[in-house]
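input-v9.cif, holding mmCIF, C-alpha atoms (C1' of nucleotides):
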```
data_query
#
loop_
_atom_site.group_PDB
_atom_site.id
_atom_site.type_symbol
_atom_site.label_atom_id
_atom_site.label_comp_id
_atom_site.auth_asym_id
_atom_site.auth_seq_id
_atom_site.Cartn_x
_atom_site.Cartn_y
_atom_site.Cartn_z
ATOM 1 C CA MET H 166 -10.088 65.163 28.364
ATOM 2 C CA TRP H 167 -9.555 61.462 28.941
ATOM 3 C CA ARG H 168 -6.125 62.218 30.379
ATOM 4 C CA LYS H 169 -7.591 64.614 32.892
ATOM 5 C CA VAL H 170 -10.221 62.144 34.016
ATOM 6 C CA ALA H 171 -7.620 59.403 34.256
ATOM 7 C CA LEU H 172 -5.236 61.470 36.347
ATOM 8 C CA GLU H 173 -8.031 62.470 38.670
ATOM 9 C CA ARG H 174 -9.143 58.901 39.115
ATOM 10 C CA LEU H 175 -5.606 57.672 39.781
ATOM 11 C CA ARG H 176 -5.259 60.302 42.496
ATOM 12 C CA LYS H 177 -8.644 59.499 44.028
ATOM 13 C CA ALA H 178 -7.733 55.832 44.174
ATOM 14 C CA GLY H 179 -4.506 56.660 46.008
ATOM 15 C CA TYR H 180 -2.044 55.718 43.269
ATOM 16 C CA LYS H 181 1.216 57.648 43.113
ATOM 17 C CA ILE H 182 1.713 59.897 40.157
ATOM 18 C CA THR H 183 5.040 58.854 38.656
ATOM 19 C CA PRO H 184 6.636 60.252 35.498
ATOM 20 C CA GLN H 185 6.153 56.827 33.893
ATOM 21 C CA ARG H 186 2.436 57.037 34.537
ATOM 22 C CA LEU H 187 2.177 60.584 33.265
ATOM 23 C CA LYS H 188 3.895 59.644 30.002
ATOM 24 C CA LEU H 189 1.608 56.671 29.631
ATOM 25 C CA LEU H 190 -1.412 58.935 29.968
ATOM 26 C CA ASP H 191 0.041 61.335 27.394
ATOM 27 C CA VAL H 192 0.629 58.527 24.950
ATOM 28 C CA LEU H 193 -2.779 56.967 25.395
ATOM 29 C CA GLU H 194 -4.471 60.332 25.053
ATOM 30 C CA ARG H 195 -2.636 60.743 21.762
ATOM 31 C CA ILE H 196 -2.698 57.278 20.160
ATOM 32 C CA GLY H 197 -5.203 55.368 22.286
ATOM 33 C CA ARG H 198 -7.905 55.540 19.660
ATOM 34 C CA SER H 199 -5.746 53.588 17.228
ATOM 35 C CA HIS H 200 -6.001 50.522 19.480
ATOM 36 C CA PRO H 201 -2.253 50.020 19.898
ATOM 37 C CA SER H 202 -0.847 46.736 21.146
ATOM 38 C CA LEU H 203 0.945 46.648 24.503
ATOM 39 C CA ARG H 204 4.234 46.493 22.625
ATOM 40 C CA GLU H 205 3.271 49.506 20.543
ATOM 41 C CA VAL H 206 2.280 51.468 23.625
ATOM 42 C CA HIS H 207 5.622 50.558 25.156
ATOM 43 C CA GLU H 208 7.488 51.741 22.049
ATOM 44 C CA ALA H 209 5.543 54.991 22.021
ATOM 45 C CA VAL H 210 6.181 55.692 25.694
ATOM 46 C CA LYS H 211 9.873 54.928 25.211
ATOM 47 C CA GLU H 212 10.066 57.789 22.706
ATOM 48 C CA GLU H 213 9.399 60.141 25.576
ATOM 49 C CA PHE H 214 10.786 58.085 28.444
ATOM 50 C CA PRO H 215 13.444 55.776 27.025
ATOM 51 C CA THR H 216 14.230 53.888 30.188
ATOM 52 C CA ILE H 217 10.708 52.674 30.984
ATOM 53 C CA SER H 218 10.567 48.900 31.136
ATOM 54 C CA PHE H 219 7.903 46.750 29.606
ATOM 55 C CA SER H 220 7.011 45.416 33.010
ATOM 56 C CA THR H 221 6.344 48.879 34.384
ATOM 57 C CA LEU H 222 4.295 49.769 31.381
ATOM 58 C CA TYR H 223 2.403 46.535 31.685
ATOM 59 C CA SER H 224 1.531 46.920 35.326
ATOM 60 C CA ASN H 225 0.421 50.488 34.759
ATOM 61 C CA VAL H 226 -1.861 49.504 31.919
ATOM 62 C CA MET H 227 -3.377 46.932 34.291
ATOM 63 C CA VAL H 228 -3.928 49.680 36.841
ATOM 64 C CA LEU H 229 -5.781 51.728 34.232
ATOM 65 C CA ARG H 230 -7.855 48.718 33.347
ATOM 66 C CA ASP H 231 -8.728 48.059 36.989
ATOM 67 C CA LEU H 232 -9.896 51.650 37.274
ATOM 68 C CA GLY H 233 -12.056 51.244 34.179
ATOM 69 C CA LEU H 234 -10.020 53.781 32.242
ATOM 70 C CA VAL H 235 -9.079 51.482 29.396
ATOM 71 C CA GLU H 236 -10.492 48.366 27.854
ATOM 72 C CA LEU H 237 -8.240 45.522 26.708
ATOM 73 C CA LEU H 238 -9.040 43.465 23.684
ATOM 74 C CA HIS H 239 -7.353 40.402 22.283
ATOM 75 C CA LEU H 240 -6.666 40.394 18.592
ATOM 76 C CA GLY H 241 -4.743 37.554 17.060
ATOM 77 C CA SER H 242 -1.871 36.994 19.429
ATOM 78 C CA GLU H 243 -1.757 40.484 20.854
ATOM 79 C CA THR H 244 -3.488 42.550 23.497
ATOM 80 C CA ARG H 245 -4.761 45.881 22.284
ATOM 81 C CA VAL H 246 -5.451 48.887 24.465
ATOM 82 C CA GLU H 247 -8.595 50.865 23.920
ATOM 83 C CA VAL H 248 -9.378 54.237 25.422
ATOM 84 C CA ASN H 249 -12.995 54.287 24.361
ATOM 85 C CA VAL H 250 -14.716 52.766 27.343
ATOM 86 C CA SER H 251 -18.339 53.434 26.473
ATOM 87 C CA PRO H 252 -20.155 50.554 24.783
ATOM 88 C CA HIS H 253 -19.310 50.793 21.098
ATOM 89 C CA VAL H 254 -18.381 48.885 17.989
ATOM 90 C CA ASN H 255 -14.849 48.026 16.829
ATOM 91 C CA VAL H 256 -14.630 47.323 13.138
ATOM 92 C CA ILE H 257 -11.713 44.983 12.571
ATOM 93 C CA SER H 258 -10.093 44.243 9.215
ATOM 94 C CA GLY H 259 -6.781 42.475 9.424
ATOM 95 C CA ARG H 260 -4.696 44.263 12.025
ATOM 96 C CA ARG H 261 -6.727 47.468 11.641
ATOM 97 C CA VAL H 262 -9.364 48.475 14.148
ATOM 98 C CA ARG H 263 -11.607 51.482 13.835
ATOM 99 C CA ASP H 264 -14.212 52.715 16.252
ATOM 100 C CA LEU H 265 -17.815 53.073 15.271
ATOM 101 C CA ASP H 266 -19.833 55.025 17.789
ATOM 102 C CA ASP H 267 -23.397 54.082 17.088
ATOM 103 C CA PRO H 268 -25.429 53.942 20.304
ATOM 104 C CA GLU H 269 -28.470 53.077 18.234
ATOM 105 C CA LEU H 270 -26.825 49.907 16.936
ATOM 106 C CA VAL H 271 -25.427 49.010 20.336
ATOM 107 C CA ARG H 272 -28.868 49.385 21.862
ATOM 108 C CA GLU H 273 -30.394 47.124 19.247
ATOM 109 C CA ILE H 274 -27.727 44.498 19.808
ATOM 110 C CA GLU H 275 -28.309 44.685 23.553
ATOM 111 C CA ARG H 276 -31.985 44.134 22.966
ATOM 112 C CA LYS H 277 -31.331 41.098 20.784
ATOM 113 C CA VAL H 278 -28.692 39.385 22.917
ATOM 114 C CA GLY H 279 -30.213 40.318 26.257
ATOM 115 C CA GLY H 280 -27.374 41.694 28.366
ATOM 116 C CA ARG H 281 -25.265 44.802 28.916
ATOM 117 C CA VAL H 282 -22.796 45.168 26.069
ATOM 118 C CA ARG H 283 -19.200 46.064 26.921
ATOM 119 C CA PHE H 284 -18.112 46.269 23.316
ATOM 120 C CA VAL H 285 -18.761 44.676 19.964
ATOM 121 C CA ASN H 286 -16.056 43.443 17.615
ATOM 122 C CA VAL H 287 -17.105 43.171 14.018
ATOM 123 C CA VAL H 288 -14.541 41.089 12.154
ATOM 124 C CA LEU H 289 -14.616 41.663 8.418
ATOM 125 C CA GLU H 290 -13.582 39.286 5.650
ATOM 126 C CA ASP H 291 -10.068 39.978 4.467
ATOM 127 C CA GLU H 292 -10.168 41.979 1.290
ATOM 128 C CA VAL H 293 -8.574 40.104 -1.592
ATOM 129 C CA MET C 216 -23.748 17.177 8.298
ATOM 130 C CA TRP C 217 -20.724 19.360 8.897
ATOM 131 C CA ARG C 218 -18.571 16.280 9.272
ATOM 132 C CA LYS C 219 -19.692 14.971 5.925
ATOM 133 C CA VAL C 220 -18.956 18.234 4.161
ATOM 134 C CA ALA C 221 -15.590 18.460 5.872
ATOM 135 C CA LEU C 222 -14.572 14.931 4.898
ATOM 136 C CA GLU C 223 -15.590 15.547 1.333
ATOM 137 C CA ARG C 224 -13.643 18.769 1.160
ATOM 138 C CA LEU C 225 -10.525 17.182 2.661
ATOM 139 C CA ARG C 226 -10.683 14.471 -0.001
ATOM 140 C CA LYS C 227 -11.260 16.940 -2.815
ATOM 141 C CA ALA C 228 -8.277 18.970 -1.704
ATOM 142 C CA GLY C 229 -6.093 15.859 -1.765
ATOM 143 C CA TYR C 230 -5.498 15.494 1.957
ATOM 144 C CA LYS C 231 -5.004 12.007 3.326
ATOM 145 C CA ILE C 232 -7.707 10.666 5.565
ATOM 146 C CA THR C 233 -5.927 9.585 8.745
ATOM 147 C CA PRO C 234 -7.544 8.207 11.899
ATOM 148 C CA GLN C 235 -6.384 11.355 13.719
ATOM 149 C CA ARG C 236 -8.270 13.500 11.246
ATOM 150 C CA LEU C 237 -11.387 11.369 11.435
ATOM 151 C CA LYS C 238 -11.465 11.641 15.224
ATOM 152 C CA LEU C 239 -10.980 15.371 14.993
ATOM 153 C CA LEU C 240 -13.985 15.641 12.705
ATOM 154 C CA ASP C 241 -16.037 13.502 15.094
ATOM 155 C CA VAL C 242 -15.116 15.683 18.014
ATOM 156 C CA LEU C 243 -15.769 18.953 16.243
ATOM 157 C CA GLU C 244 -19.095 17.711 14.955
ATOM 158 C CA ARG C 245 -19.979 16.918 18.550
ATOM 159 C CA ILE C 246 -18.559 19.814 20.569
ATOM 160 C CA GLY C 247 -17.630 22.376 17.929
ATOM 161 C CA ARG C 248 -20.598 24.583 18.718
ATOM 162 C CA SER C 249 -19.317 25.098 22.268
ATOM 163 C CA HIS C 250 -16.315 27.009 20.894
ATOM 164 C CA PRO C 251 -13.680 24.823 22.568
ATOM 165 C CA SER C 252 -10.095 26.026 22.938
ATOM 166 C CA LEU C 253 -7.358 24.192 21.053
ATOM 167 C CA ARG C 254 -6.375 22.547 24.304
ATOM 168 C CA GLU C 255 -9.923 21.427 24.936
ATOM 169 C CA VAL C 256 -10.220 20.006 21.452
ATOM 170 C CA HIS C 257 -6.977 18.133 22.062
ATOM 171 C CA GLU C 258 -8.272 16.734 25.345
ATOM 172 C CA ALA C 259 -11.510 15.658 23.709
ATOM 173 C CA VAL C 260 -9.771 13.932 20.812
ATOM 174 C CA LYS C 261 -7.429 12.164 23.246
ATOM 175 C CA GLU C 262 -10.459 10.527 24.843
ATOM 176 C CA GLU C 263 -10.933 8.627 21.616
ATOM 177 C CA PHE C 264 -7.369 8.572 20.362
ATOM 178 C CA PRO C 265 -5.073 8.821 23.383
ATOM 179 C CA THR C 266 -1.782 9.007 21.503
ATOM 180 C CA ILE C 267 -2.548 12.006 19.329
ATOM 181 C CA SER C 268 -0.092 14.824 19.919
ATOM 182 C CA PHE C 269 -0.958 18.441 20.293
ATOM 183 C CA SER C 270 1.154 19.245 17.279
ATOM 184 C CA THR C 271 -0.821 16.878 15.061
ATOM 185 C CA LEU C 272 -4.061 18.230 16.348
ATOM 186 C CA TYR C 273 -2.843 21.757 15.823
ATOM 187 C CA SER C 274 -1.756 21.259 12.249
ATOM 188 C CA ASN C 275 -5.007 19.519 11.417
ATOM 189 C CA VAL C 276 -7.059 22.352 12.828
ATOM 190 C CA MET C 277 -5.027 24.696 10.631
ATOM 191 C CA VAL C 278 -5.851 22.521 7.638
ATOM 192 C CA LEU C 279 -9.541 22.812 8.459
ATOM 193 C CA ARG C 280 -9.169 26.549 8.758
ATOM 194 C CA ASP C 281 -7.388 26.803 5.423
ATOM 195 C CA LEU C 282 -10.251 24.897 3.831
ATOM 196 C CA GLY C 283 -12.749 27.291 5.399
ATOM 197 C CA LEU C 284 -14.252 24.526 7.528
ATOM 198 C CA VAL C 285 -13.656 26.195 10.859
ATOM 199 C CA GLU C 286 -13.163 29.719 12.086
ATOM 200 C CA LEU C 287 -10.628 30.546 14.785
ATOM 201 C CA LEU C 288 -11.243 33.212 17.333
ATOM 202 C CA HIS C 289 -9.019 34.625 20.006
ATOM 203 C CA LEU C 290 -10.510 34.980 23.428
ATOM 204 C CA GLY C 291 -8.362 36.133 26.281
ATOM 205 C CA SER C 292 -5.193 34.156 25.896
ATOM 206 C CA GLU C 293 -6.663 31.223 24.032
ATOM 207 C CA THR C 294 -7.639 30.281 20.500
ATOM 208 C CA ARG C 295 -11.163 28.960 20.169
ATOM 209 C CA VAL C 296 -12.422 26.755 17.360
ATOM 210 C CA GLU C 297 -15.754 27.494 15.805
ATOM 211 C CA VAL C 298 -17.637 25.252 13.436
ATOM 212 C CA ASN C 299 -20.215 27.832 12.459
ATOM 213 C CA VAL C 300 -18.653 29.408 9.424
ATOM 214 C CA SER C 301 -21.559 31.493 8.151
ATOM 215 C CA PRO C 302 -21.532 35.126 9.248
ATOM 216 C CA HIS C 303 -23.074 35.177 12.678
ATOM 217 C CA VAL C 304 -22.910 36.617 16.169
ATOM 218 C CA ASN C 305 -20.974 35.188 19.126
ATOM 219 C CA VAL C 306 -22.272 36.342 22.453
ATOM 220 C CA ILE C 307 -19.396 36.257 24.921
ATOM 221 C CA SER C 308 -19.713 36.440 28.683
ATOM 222 C CA GLY C 309 -16.599 35.520 30.589
ATOM 223 C CA ARG C 310 -15.271 32.296 29.098
ATOM 224 C CA ARG C 311 -18.697 31.379 27.694
ATOM 225 C CA VAL C 312 -19.568 31.838 24.066
ATOM 226 C CA ARG C 313 -22.940 31.195 22.533
ATOM 227 C CA ASP C 314 -23.982 31.491 18.921
ATOM 228 C CA LEU C 315 -26.716 33.795 17.837
ATOM 229 C CA ASP C 316 -27.844 33.167 14.285
ATOM 230 C CA ASP C 317 -29.579 36.334 13.243
ATOM 231 C CA PRO C 318 -28.982 37.072 9.558
ATOM 232 C CA GLU C 319 -31.154 40.149 9.913
ATOM 233 C CA LEU C 320 -28.832 41.651 12.520
ATOM 234 C CA VAL C 321 -25.728 40.651 10.588
ATOM 235 C CA ARG C 322 -27.114 42.309 7.472
ATOM 236 C CA GLU C 323 -27.828 45.497 9.362
ATOM 237 C CA ILE C 324 -24.326 45.546 10.821
ATOM 238 C CA GLU C 325 -22.879 44.995 7.363
ATOM 239 C CA ARG C 326 -24.862 47.938 6.089
ATOM 240 C CA LYS C 327 -23.610 50.165 8.886
ATOM 241 C CA VAL C 328 -19.940 49.217 8.815
ATOM 242 C CA GLY C 329 -19.718 48.811 5.052
ATOM 243 C CA GLY C 330 -17.951 45.500 4.465
ATOM 244 C CA ARG C 331 -18.513 41.746 4.413
ATOM 245 C CA VAL C 332 -18.825 40.487 7.976
ATOM 246 C CA ARG C 333 -16.968 37.304 8.921
ATOM 247 C CA PHE C 334 -18.338 37.234 12.428
ATOM 248 C CA VAL C 335 -19.380 39.514 15.244
ATOM 249 C CA ASN C 336 -18.262 39.147 18.841
ATOM 250 C CA VAL C 337 -20.495 40.787 21.354
ATOM 251 C CA VAL C 338 -18.647 41.031 24.658
ATOM 252 C CA LEU C 339 -20.965 41.461 27.603
ATOM 253 C CA GLU C 340 -20.268 43.103 30.947
ATOM 254 C CA ASP C 341 -19.349 40.569 33.580
ATOM 255 C CA GLU C 342 -22.316 39.822 35.763
ATOM 256 C CA VAL C 343 -21.679 40.792 39.358
ATOM 257 C "C1'" DG S 273 3.031 -5.219 -2.566
ATOM 258 C "C1'" DA S 274 6.300 -1.256 -3.397
ATOM 259 C "C1'" DG S 275 7.211 3.473 -3.632
ATOM 260 C "C1'" DT S 276 6.596 8.129 -2.188
ATOM 261 C "C1'" DA S 277 5.039 12.231 -0.489
ATOM 262 C "C1'" DA S 278 2.152 13.545 3.280
ATOM 263 C "C1'" DT S 279 1.455 12.985 8.005
ATOM 264 C "C1'" DT S 280 2.589 12.121 12.734
ATOM 265 C "C1'" DA S 281 4.737 12.484 17.474
ATOM 266 C "C1'" DG S 282 7.897 14.531 19.961
ATOM 267 C "C1'" DT S 283 10.665 18.216 20.858
ATOM 268 C "C1'" DA S 284 12.426 22.731 20.369
ATOM 269 C "C1'" DA S 285 11.715 27.607 19.361
ATOM 270 C "C1'" DT S 286 9.030 31.657 19.579
ATOM 271 C "C1'" DA S 287 6.113 35.257 21.221
ATOM 272 C "C1'" DA S 288 3.463 37.503 24.390
ATOM 273 C "C1'" DT S 289 2.086 37.905 28.951
ATOM 274 C "C1'" DT S 290 2.632 37.540 33.850
ATOM 275 C "C1'" DT S 291 5.278 37.124 38.126
ATOM 276 C "C1'" DC S 292 8.990 38.145 41.214
ATOM 277 C "C1'" DT S 293 12.420 40.899 43.734
ATOM 278 C "C1'" DA S 294 15.914 44.154 45.133
ATOM 279 C "C1'" DA S 295 16.550 48.976 44.648
ATOM 280 C "C1'" DT S 296 14.384 53.406 44.101
ATOM 281 C "C1'" DT S 297 11.003 57.064 44.771
ATOM 282 C "C1'" DA S 298 6.489 59.754 45.550
ATOM 283 C "C1'" DG S 299 4.050 61.645 48.868
ATOM 284 C "C1'" DA S 300 2.597 61.870 53.876
ATOM 285 C "C1'" DA S 301 4.093 63.372 58.253
ATOM 286 C "C1'" DA S 302 7.333 65.439 61.326
ATOM 287 C "C1'" DT M 111 12.851 70.519 54.452
ATOM 288 C "C1'" DT M 112 14.012 66.160 55.885
ATOM 289 C "C1'" DT M 113 12.532 61.616 57.183
ATOM 290 C "C1'" DC M 114 9.976 57.628 56.665
ATOM 291 C "C1'" DT M 115 7.526 54.000 54.394
ATOM 292 C "C1'" DA M 116 4.762 51.682 51.321
ATOM 293 C "C1'" DA M 117 4.216 51.853 46.436
ATOM 294 C "C1'" DT M 118 6.592 51.698 42.268
ATOM 295 C "C1'" DT M 119 10.199 50.595 39.103
ATOM 296 C "C1'" DA M 120 13.557 47.920 36.094
ATOM 297 C "C1'" DG M 121 15.233 43.812 34.959
ATOM 298 C "C1'" DA M 122 15.109 39.151 34.898
ATOM 299 C "C1'" DA M 123 12.834 34.854 35.224
ATOM 300 C "C1'" DA M 124 8.680 32.050 34.758
ATOM 301 C "C1'" DT M 125 4.595 30.921 32.449
ATOM 302 C "C1'" DT M 126 1.446 29.980 28.753
ATOM 303 C "C1'" DA M 127 -0.012 29.232 24.339
ATOM 304 C "C1'" DT M 128 1.301 28.884 19.761
ATOM 305 C "C1'" DT M 129 4.240 27.765 15.903
ATOM 306 C "C1'" DA M 130 8.213 25.424 13.662
ATOM 307 C "C1'" DC M 131 11.180 21.569 12.922
ATOM 308 C "C1'" DT M 132 12.568 16.686 12.061
ATOM 309 C "C1'" DA M 133 13.084 11.768 11.891
ATOM 310 C "C1'" DA M 134 10.053 7.939 11.633
ATOM 311 C "C1'" DT M 135 5.672 6.229 10.061
ATOM 312 C "C1'" DT M 136 1.669 5.679 7.059
ATOM 313 C "C1'" DA M 137 -2.156 6.462 3.510
ATOM 314 C "C1'" DC M 138 -2.759 6.133 -0.996
ATOM 315 C "C1'" DT M 139 -1.322 5.538 -6.075
ATOM 316 C "C1'" DC M 140 0.278 2.433 -9.400
#
```
Rewrite the structure from the file as structure tokens, please.
Amino acid sequence: MWRKVALERLRKAGYKITPQRLKLLDVLERIGRSHPSLREVHEAVKEEFPTISFSTLYSNVMVLRDLGLVELLHLGSETRVEVNVSPHVNVISGRRVRDLDDPELVREIERKVGGRVRFVNVVLEDEV
Amino acid sequence: MWRKVALERLRKAGYKITPQRLKLLDVLERIGRSHPSLREVHEAVKEEFPTISFSTLYSNVMVLRDLGLVELLHLGSETRVEVNVSPHVNVISGRRVRDLDDPELVREIERKVGGRVRFVNVVLEDEV
DNA sequence: GAGTAATTAGTAATAATTTCTAATTAGAAA
DNA sequence: TTTCTAATTAGAAATTATTACTAATTACTC
């Protein structure tokens, strides 16, 4: 579903459809909800397209971001890619991120902070 | 207040009280609630102690973090220092961060995500 | 006041992102 | 289909921020 939308939007915006881009869409459709880092996305794409360079991957992720197809979030020292673009909650414990789709909660937060929420990161205490 | 607690805790933990550390406490007491980046904290401390190196500043901030006296958060490419250590909400728009102390909201989020919240970052849509 | 381990400043190393460029290629037009 | 051209790619280099290392200095104990 996301892949289809993404492809359509790339076309509409006049971007060329290269094999590198197609593989990137495949990979993000498959693992995007696990919030992979750029490096992890690169590794995953290399499985299917071993010669893709980091720089190509990087610039393509930026294209997707510019088109509003992915969200980037910064966790520790790394940039994570997120396919869920609707306002939602990321629950973060350590390196783990899980999505919580709770429009109710998002709406309440919007009411309290006064502004349109892009996303919410809830950082939990490390379990001991 | 925070400064006093911090100094006490440094002493208790057996750390030496150096002029560099005292200036750092001064600065964080003063500007800590603006969530300065490490670089900004360094600049601010240099105003009062021009010879302090980034590396000294850095390791002292890490000491404060280890003692639970500051929280570090990663925003874009930079590390921000936060003096507010109780579970709370950071409202982020662009490079700006403001604190929202709303224990009610934090408690509700904790209930929904199931876990002890360290802090919550609410990232807002960029204003156009 | 001396001794000692912690701290400091300066520098080097690392890690992740971002930029740059020559060669290649997707897609439009002939 | 073939040609043309601007967009895209791979690889390398530059940048940026953080983290690690080390010799010299210093805060604190006795």
Explicit residue set for the PyMOL selection byres ((chain C and resi 311) around 10), as a PDB file with C-alpha atoms, in the coordinates of the input:
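Resulting contents of part18.pdb:
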```pdb
ATOM      1  CA  SER C 249     -19.317  25.098  22.268  1.00  0.00           C
ATOM      2  CA  HIS C 250     -16.315  27.009  20.894  1.00  0.00           C
ATOM      3  CA  PRO C 251     -13.680  24.823  22.568  1.00  0.00           C
ATOM      4  CA  LEU C 290     -10.510  34.980  23.428  1.00  0.00           C
ATOM      5  CA  ASN C 305     -20.974  35.188  19.126  1.00  0.00           C
ATOM      6  CA  VAL C 306     -22.272  36.342  22.453  1.00  0.00           C
ATOM      7  CA  ILE C 307     -19.396  36.257  24.921  1.00  0.00           C
ATOM      8  CA  SER C 308     -19.713  36.440  28.683  1.00  0.00           C
ATOM      9  CA  GLY C 309     -16.599  35.520  30.589  1.00  0.00           C
ATOM     10  CA  ARG C 310     -15.271  32.296  29.098  1.00  0.00           C
ATOM     11  CA  VAL C 312     -19.568  31.838  24.066  1.00  0.00           C
ATOM     12  CA  ARG C 313     -22.940  31.195  22.533  1.00  0.00           C
TER      13      ARG C 313
END
```
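Residue nearest chain H, chosen from S:DA287, S:DA294, S:DA274, S:DA300 and counting only C-alpha atoms (C1' of nucleotides): S:DA287.
Residues in contact with region 283-288 of chain H at 7 Å, where all atoms listed in the file are counted and same-chain residues fewer than 4 positions away are skipped, are listed as Pro252, His253, Val254, Asn255, Val256, Ile257 and Ser258 of chain H; Val332, Arg333, Phe334, Val335, Asn336, Val337, Val338, Leu339 and Glu340 of chain C.
Residues near the point (-0.9, 34.9, 37.4), at a distance of 9 Å or less over all atoms listed in the file, make up DT290 and DT291 of chain S; DT125 of chain M.
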Distance table requested - chain M against chain C, cut-off 9 Å, all atoms listed in the file: one row per qualifying residue with the closest atom pair and its distance in Å to one decimal, ordered by chain and rising residue number, as CSV.
```
residue,atom,partner,partner_atom,distance
M:DT126,C1',C:Ser292,CA,8.3
M:DA127,C1',C:Glu293,CA,6.9
M:DT136,C1',C:Thr233,CA,8.7
M:DA137,C1',C:Lys231,CA,6.2
M:DC138,C1',C:Lys231,CA,7.6
```
Store the residues of this selection in a file with C-alpha atoms (C1' of nucleotides), as an mmCIF file, in the coordinates of the input.
```cif
data_model
loop_
_atom_site.group_PDB
_atom_site.id
_atom_site.type_symbol
_atom_site.label_atom_id
_atom_site.label_comp_id
_atom_site.auth_asym_id
_atom_site.auth_seq_id
_atom_site.Cartn_x
_atom_site.Cartn_y
_atom_site.Cartn_z
ATOM 1 C "C1'" DT M 126 1.446 29.980 28.753
ATOM 2 C "C1'" DA M 127 -0.012 29.232 24.339
ATOM 3 C "C1'" DT M 136 1.669 5.679 7.059
ATOM 4 C "C1'" DA M 137 -2.156 6.462 3.510
ATOM 5 C "C1'" DC M 138 -2.759 6.133 -0.996
#
```
Given the choices C:Val296, C:Arg226, C:Arg322, C:Leu288, which gets closest to chain H if the distance is worked out from all atoms listed in the file?
C:Leu288
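For chain S, the residues within 10 Å of chain C are DA278, DT279, DT280, DA281, DG282, DA288 and DT289 of chain S, with all atoms listed in the file used to measure distance.
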Quick one: which residues end up in the PyMOL selection byres ((chain C and resi 217) around 9) for this structure, as a ChimeraX atom specification?
/C:216,218-222,240,243-244,284,298
Given the selection you just returned, output its residues as a file containing C-alpha atoms, formatted as a PDB file, in the coordinates of the input.
```pdb
ATOM      1  CA  MET C 216     -23.748  17.177   8.298  1.00  0.00           C
ATOM      2  CA  ARG C 218     -18.571  16.280   9.272  1.00  0.00           C
ATOM      3  CA  LYS C 219     -19.692  14.971   5.925  1.00  0.00           C
ATOM      4  CA  VAL C 220     -18.956  18.234   4.161  1.00  0.00           C
ATOM      5  CA  ALA C 221     -15.590  18.460   5.872  1.00  0.00           C
ATOM      6  CA  LEU C 222     -14.572  14.931   4.898  1.00  0.00           C
ATOM      7  CA  LEU C 240     -13.985  15.641  12.705  1.00  0.00           C
ATOM      8  CA  LEU C 243     -15.769  18.953  16.243  1.00  0.00           C
ATOM      9  CA  GLU C 244     -19.095  17.711  14.955  1.00  0.00           C
ATOM     10  CA  LEU C 284     -14.252  24.526   7.528  1.00  0.00           C
ATOM     11  CA  VAL C 298     -17.637  25.252  13.436  1.00  0.00           C
TER      12      VAL C 298
END
```
Give me the residues of chain S that have any atom at most 9 Å from an atom of region 115-122 of chain M; for each, the nearest atom pair and the distance in Å, rounded to one decimal. Use all atoms listed in the file, sort by chain and number, and format it as CSV.
```
residue,atom,partner,partner_atom,distance
S:DC292,C1',M:DA122,C1',8.9
S:DA295,C1',M:DT119,C1',8.6
S:DT296,C1',M:DT119,C1',7.1
S:DT297,C1',M:DT118,C1',7.4
S:DA298,C1',M:DA117,C1',8.3
```
Pull C-alpha atoms (C1' of nucleotides) from the residues just selected and write them as a PDB file, keeping the file's coordinate frame.
```pdb
ATOM      1  C1'  DC S 292       8.990  38.145  41.214  1.00  0.00           C
ATOM      2  C1'  DA S 295      16.550  48.976  44.648  1.00  0.00           C
ATOM      3  C1'  DT S 296      14.384  53.406  44.101  1.00  0.00           C
ATOM      4  C1'  DT S 297      11.003  57.064  44.771  1.00  0.00           C
ATOM      5  C1'  DA S 298       6.489  59.754  45.550  1.00  0.00           C
TER       6       DA S 298
END
```
Distance query DA284 (chain S) at most 12 Å, only C-alpha atoms (C1' of nucleotides), self and fewer than 6 positions along chain excluded, as an MDAnalysis selection string
chainID M and resid 129:132
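The two atoms in question, CA of Glu205 (chain H) and CA of His239 (chain H), are spaced 14.1 Å apart.
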Report the distance between CA of Leu315 (chain C) and CA of Val250 (chain H) in Å, rounded to one decimal place.
24.4 Å
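In this structure, CA of Val228 (chain H) sits 26.2 Å away from CA of Gly280 (chain H).
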